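Q: Pasting entry23.txt below, which is compact mmCIF, C-alpha atoms.
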# COMPACT_ATOMS: atom_id res chain seq x y z
CA MET M 1 114.87 96.12 91.82
CA ARG M 2 111.43 97.60 92.50
CA ILE M 3 110.76 101.33 92.47
CA LEU M 4 107.77 103.44 93.48
CA VAL M 5 107.22 106.76 91.69
CA VAL M 6 105.13 109.19 93.77
CA GLU M 7 104.12 112.06 91.50
CA ASP M 8 100.75 113.77 90.96
CA GLU M 9 101.62 115.20 87.52
CA ARG M 10 100.43 112.31 85.35
CA ASP M 11 102.59 113.03 82.29
CA LEU M 12 105.75 113.38 84.36
CA ALA M 13 104.94 110.28 86.41
CA ASN M 14 104.41 108.26 83.22
CA ALA M 15 107.62 109.58 81.67
CA ILE M 16 109.65 108.66 84.77
CA ALA M 17 108.04 105.22 85.02
CA THR M 18 108.61 104.50 81.33
CA SER M 19 112.26 105.51 81.60
CA LEU M 20 112.82 103.36 84.68
CA ARG M 21 111.07 100.37 83.14
CA ARG M 22 113.23 100.75 80.05
CA ASP M 23 116.22 100.48 82.39
CA GLY M 24 114.85 97.19 83.69
CA TYR M 25 113.31 98.30 86.99
CA ALA M 26 109.91 97.05 88.13
CA THR M 27 108.08 100.35 88.61
CA ASP M 28 104.78 101.25 90.28
CA VAL M 29 103.19 104.71 90.31
CA ALA M 30 101.27 106.47 93.10
CA PRO M 31 99.50 109.80 92.40
CA ASP M 32 99.50 110.99 96.01
CA GLY M 33 101.02 110.43 99.43
CA GLY M 34 98.21 108.33 100.84
CA THR M 35 98.41 105.86 97.97
CA ALA M 36 102.19 105.73 98.31
CA ILE M 37 101.99 104.85 102.00
CA ASP M 38 99.35 102.19 101.31
CA ARG M 39 101.44 100.58 98.57
CA ALA M 40 104.59 100.65 100.66
CA ALA M 41 102.70 98.73 103.35
CA LEU M 42 101.96 95.98 100.81
CA ASN M 43 105.21 95.93 98.82
CA GLU M 44 108.90 96.11 99.70
CA TYR M 45 110.35 98.85 97.51
CA ASP M 46 114.07 99.28 96.98
CA LEU M 47 113.78 102.94 96.01
CA VAL M 48 111.15 105.68 95.94
CA CYS M 49 111.14 108.69 93.62
CA LEU M 50 109.11 111.12 95.71
CA ASP M 51 107.63 114.46 94.72
CA LEU M 52 107.43 116.90 97.62
CA ASN M 53 104.41 118.84 96.35
CA LEU M 54 101.65 116.26 96.68
CA PRO M 55 97.91 117.08 96.79
CA ASP M 56 97.10 115.36 100.07
CA ILE M 57 100.13 114.82 102.33
CA ASP M 58 103.33 116.85 102.33
CA GLY M 59 106.17 114.92 100.71
CA LEU M 60 108.35 115.39 103.79
CA ASP M 61 105.78 113.57 105.91
CA VAL M 62 105.52 110.80 103.32
CA CYS M 63 109.31 110.45 103.30
CA ARG M 64 109.41 110.15 107.07
CA GLU M 65 106.68 107.49 106.99
CA LEU M 66 108.31 105.44 104.22
CA THR M 67 111.74 105.35 105.84
CA ILE M 68 110.62 104.01 109.23
CA PRO M 69 112.09 100.49 109.72
CA ARG M 70 109.33 97.86 109.63
CA ARG M 71 108.89 94.14 109.72
CA SER M 72 109.40 92.49 106.36
CA LEU M 73 106.28 91.18 104.66
CA ASP M 74 107.12 87.63 105.75
CA GLY M 75 107.40 88.85 109.35
CA ASP M 76 110.75 87.14 109.88
CA SER M 77 113.04 90.15 109.79
CA ILE M 78 113.25 93.93 109.69
CA ALA M 79 112.85 95.18 106.14
CA VAL M 80 115.45 97.64 104.88
CA PRO M 81 113.72 101.01 104.24
CA PRO M 82 113.79 102.12 100.62
CA LYS M 83 116.21 104.68 99.30
CA VAL M 84 114.44 107.97 98.57
CA ILE M 85 115.13 110.49 95.81
CA MET M 86 113.12 113.65 96.31
CA LEU M 87 111.86 115.29 93.12
CA THR M 88 110.73 118.86 93.59
CA ALA M 89 110.69 122.43 92.38
CA ARG M 90 111.81 123.52 95.86
CA GLY M 91 115.47 124.10 95.15
CA GLY M 92 116.57 126.18 98.12
CA VAL M 93 119.32 124.99 100.44
CA ASP M 94 116.95 124.95 103.42
CA ASP M 95 114.50 122.78 101.46
CA ARG M 96 117.25 120.30 100.60
CA ILE M 97 118.40 120.17 104.21
CA ARG M 98 114.86 119.48 105.45
CA GLY M 99 114.42 116.73 102.89
CA LEU M 100 117.68 115.02 103.77
CA ASP M 101 116.94 115.35 107.48
CA GLN M 102 113.59 113.57 106.98
CA GLY M 103 115.33 110.51 105.52
CA ALA M 104 115.89 111.29 101.84
CA ASP M 105 119.08 109.97 100.25
CA ASP M 106 119.21 112.34 97.28
CA TYR M 107 117.51 115.45 95.95
CA LEU M 108 116.76 116.34 92.32
CA VAL M 109 115.33 119.74 91.40
CA LYS M 110 112.75 120.06 88.61
CA PRO M 111 113.10 120.26 85.70
CA PHE M 112 115.61 117.43 85.48
CA SER M 113 116.94 115.05 82.87
CA LEU M 114 115.60 111.50 82.90
CA GLY M 115 119.13 110.39 82.13
CA GLU M 116 120.42 112.08 85.28
CA LEU M 117 117.61 110.53 87.32
CA GLY M 118 118.58 107.11 85.97
CA ALA M 119 122.21 107.67 86.93
CA ARG M 120 121.24 108.73 90.46
CA VAL M 121 118.99 105.67 90.80
CA ARG M 122 121.86 103.37 89.78
CA ALA M 123 124.22 105.11 92.20
CA LEU M 124 121.84 104.76 95.14
CA LEU M 125 120.95 101.14 94.44
CA ARG M 126 124.58 100.07 94.36
CA ARG M 127 125.51 102.08 97.47
CA ASP M 128 124.95 99.16 99.88
CA THR M 129 126.91 96.76 97.68
CA SER M 130 130.24 98.56 98.17
CA LEU M 131 130.55 98.95 94.43
CA GLY M 132 132.39 101.94 93.07
CA SER M 133 131.27 101.59 89.46
CA SER M 134 128.31 100.52 87.38
CA VAL M 135 129.86 97.09 86.70
CA VAL M 136 128.95 94.17 88.96
CA ALA M 137 131.11 91.03 88.73
CA VAL M 138 130.15 87.69 90.30
CA ALA M 139 130.98 84.09 89.34
CA GLY M 140 132.48 84.98 85.97
CA ILE M 141 129.53 87.21 85.09
CA GLU M 142 130.03 90.92 84.46
CA LEU M 143 126.92 93.08 84.37
CA ASP M 144 127.12 96.75 83.39
CA THR M 145 124.08 98.51 84.83
CA ALA M 146 124.73 101.70 82.85
CA ARG M 147 125.20 100.10 79.43
CA HIS M 148 122.85 97.15 80.01
CA GLU M 149 125.49 94.71 78.87
CA VAL M 150 126.29 91.26 80.25
CA THR M 151 129.20 88.92 79.63
CA TYR M 152 129.82 85.44 81.03
CA HIS M 153 133.49 84.44 81.06
CA GLY M 154 134.01 87.09 78.38
CA ALA M 155 131.20 85.95 76.08
CA PRO M 156 128.33 88.40 75.50
CA VAL M 157 124.90 87.37 76.77
CA GLU M 158 121.81 88.93 75.17
CA LEU M 159 119.06 89.29 77.77
CA THR M 160 115.56 90.71 77.82
CA ALA M 161 114.89 93.60 80.19
CA LYS M 162 113.29 91.25 82.74
CA GLU M 163 116.11 88.69 82.50
CA PHE M 164 118.61 91.52 83.00
CA ALA M 165 116.71 92.79 86.04
CA LEU M 166 116.53 89.29 87.52
CA LEU M 167 120.24 88.67 87.01
CA ARG M 168 121.07 92.07 88.51
CA TRP M 169 119.07 91.16 91.63
CA PHE M 170 120.88 87.84 91.97
CA MET M 171 124.28 89.49 91.49
CA LEU M 172 123.60 92.15 94.10
CA HIS M 173 122.65 89.37 96.55
CA PRO M 174 125.02 86.45 95.77
CA ASP M 175 124.77 83.21 97.76
CA VAL M 176 121.35 84.23 99.12
CA VAL M 177 118.40 81.91 98.55
CA HIS M 178 115.44 83.78 97.08
CA SER M 179 111.95 82.34 97.02
CA ALA M 180 109.79 82.87 93.94
CA GLU M 181 107.58 85.16 96.04
CA ARG M 182 110.51 87.38 97.02
CA LEU M 183 111.70 87.59 93.42
CA LEU M 184 108.20 88.64 92.36
CA GLU M 185 108.28 91.30 95.06
CA HIS M 186 111.53 92.90 93.93
CA VAL M 187 111.86 92.19 90.20
CA TRP M 188 108.26 92.38 88.98
CA ASP M 189 105.76 95.21 89.42
CA GLU M 190 102.22 95.27 90.78
CA HIS M 191 100.78 93.98 87.50
CA ALA M 192 102.54 90.60 87.79
CA ASP M 193 100.24 87.66 88.43
CA PRO M 194 101.55 85.76 91.47
CA PHE M 195 99.74 82.62 90.35
CA THR M 196 101.61 82.25 87.07
CA ASN M 197 104.93 80.51 86.48
CA THR M 198 106.58 83.70 85.23
CA VAL M 199 109.48 83.45 87.71
CA ARG M 200 110.27 79.87 86.79
CA VAL M 201 110.10 80.58 83.06
CA THR M 202 112.31 83.69 83.30
CA ILE M 203 114.90 81.88 85.40
CA SER M 204 114.86 78.95 82.97
CA ASN M 205 115.52 81.28 80.04
CA LEU M 206 118.27 83.09 81.95
CA ARG M 207 119.98 79.83 82.90
CA ARG M 208 119.81 78.61 79.30
CA LYS M 209 121.41 81.79 77.94
CA LEU M 210 124.22 81.64 80.51
CA ALA M 211 124.88 77.99 79.66
CA ASP M 212 124.94 78.80 75.95
CA ALA M 213 127.47 81.58 76.53
CA HIS M 214 129.84 79.38 78.55
CA SER M 215 129.49 75.67 77.90
CA GLY M 216 128.93 73.72 81.08
CA GLY M 217 128.70 76.78 83.29
CA GLN M 218 125.65 77.38 85.45
CA PRO M 219 125.96 79.67 88.48
CA ILE M 220 122.22 79.81 89.22
CA GLU M 221 120.93 76.81 91.12
CA THR M 222 117.48 75.66 92.17
CA LEU M 223 116.97 74.51 95.74
CA ALA M 224 113.86 72.35 95.89
CA GLY M 225 111.19 73.83 98.12
CA ARG M 226 113.31 76.89 98.94
CA GLY M 227 114.02 78.93 95.83
CA TYR M 228 116.98 80.01 93.73
CA ARG M 229 120.55 81.11 94.39
CA LEU M 230 123.45 82.59 92.44
CA ARG M 231 126.63 80.90 93.68
CA SER M 232 129.60 83.24 93.89
CA ASP M 233 132.09 80.36 93.82
CA GLU M 234 131.00 78.98 90.42
Rewrite the coordinates I just gave you, this time as structure tokens.
A:
Amino acid sequence: MRILVVEDERDLANAIATSLRRDGYATDVAPDGGTAIDRAALNEYDLVCLDLNLPDIDGLDVCRELTIPRRSLDGDSIAVPPKVIMLTARGGVDDRIRGLDQGADDYLVKPFSLGELGARVRALLRRDTSLGSSVVAVAGIELDTARHEVTYHGAPVELTAKEFALLRWFMLHPDVVHSAERLLEHVWDEHADPFTNTVRVTISNLRRKLADAHSGGQPIETLAGRGYRLRSDE
């Protein structure tokens, strides 16, 4: 999952980004509304943490711009607008109503706990998956997004943060074929080099660890010339 943090207070922006990256999310940072809009035009974000008090464009206007349905970057479909959590010192009821009416999905008043922000991010990102808890289960794999724990047919699987993020993306989109480019877009941040074999290497390591945990099992398949898929019927 890829997240954009829009916050002009550098220390707070860095703290939020560090916390989200620790939770396994690919995270970019924009210091103002104009930069946020430009980055959203180039990248498909799953969620945006958006400060309302920005130095150039009002956060409400940025929210409205970011949540307009657009063509996906490949031009073949309509991209799903990102979820938006508004982060602001404006805590009045009228302020919350205006934010939600402009397309925000949640509202967090400063100062807030990074732990609470993380919980709200997890809740929003699983909203479209019809999941009622932090545990995702597909093809014998159970992934706990809150505890960062994975088991495969009951056996624990130790994953790096990036392997965990990649598996989470596959599990939230089972039976869907994902190209390496799309995986880079949603699982890696803006610092990833698109010309490296980082996707292939990470998937290879993930597949090996799953196979080690359950002998003979391999739910992630490679489709030559198309990409990768997690089979739900493994």
Q: Taking all atoms listed in the file into account, name the residue in M:Ala211, M:Ala146, M:Leu184, M:Met171 that is nearest to Thr198 (chain M).
A: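 For Thr198 (chain M), the nearest of the candidates is M:Leu184.
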Q: Would you mind listing what lies within 8 Å of Pro111 (chain M) as a PyMOL selection string, with all atoms listed in the file counted and same-chain residues fewer than 2 positions away left out?
A: chain M and resi 89+109+113
Q: Which protein, DNA or RNA residues are at most 8 Å from (122.2, 88.4, 78.6) in the file's coordinates when you count all atoms listed in the file, listed as a list in words?
A: Glu149, Val150, Thr151, Pro156, Val157, Glu158, Leu159, Thr160, Glu163, Phe164, Leu206, Lys209 and Leu210 of chain M
Q: Could you list, as JSON, numbers by chain, every residue within 9 Å of region 98-101 of chain M, counting all atoms listed in the file and ignoring same-chain residues fewer than 3 positions away?
A: {"M": [52, 59, 60, 63, 86, 93, 94, 95, 104, 105, 106, 107]}
Q: Return the single residue from M:His153, M:Leu124, M:Gly115, M:Ile16 that is closest to Gly216 (chain M), with distances computed using all atoms listed in the file.
A: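 When distances to Gly216 (chain M) are compared using all atoms listed in the file, the smallest one comes from M:His153.
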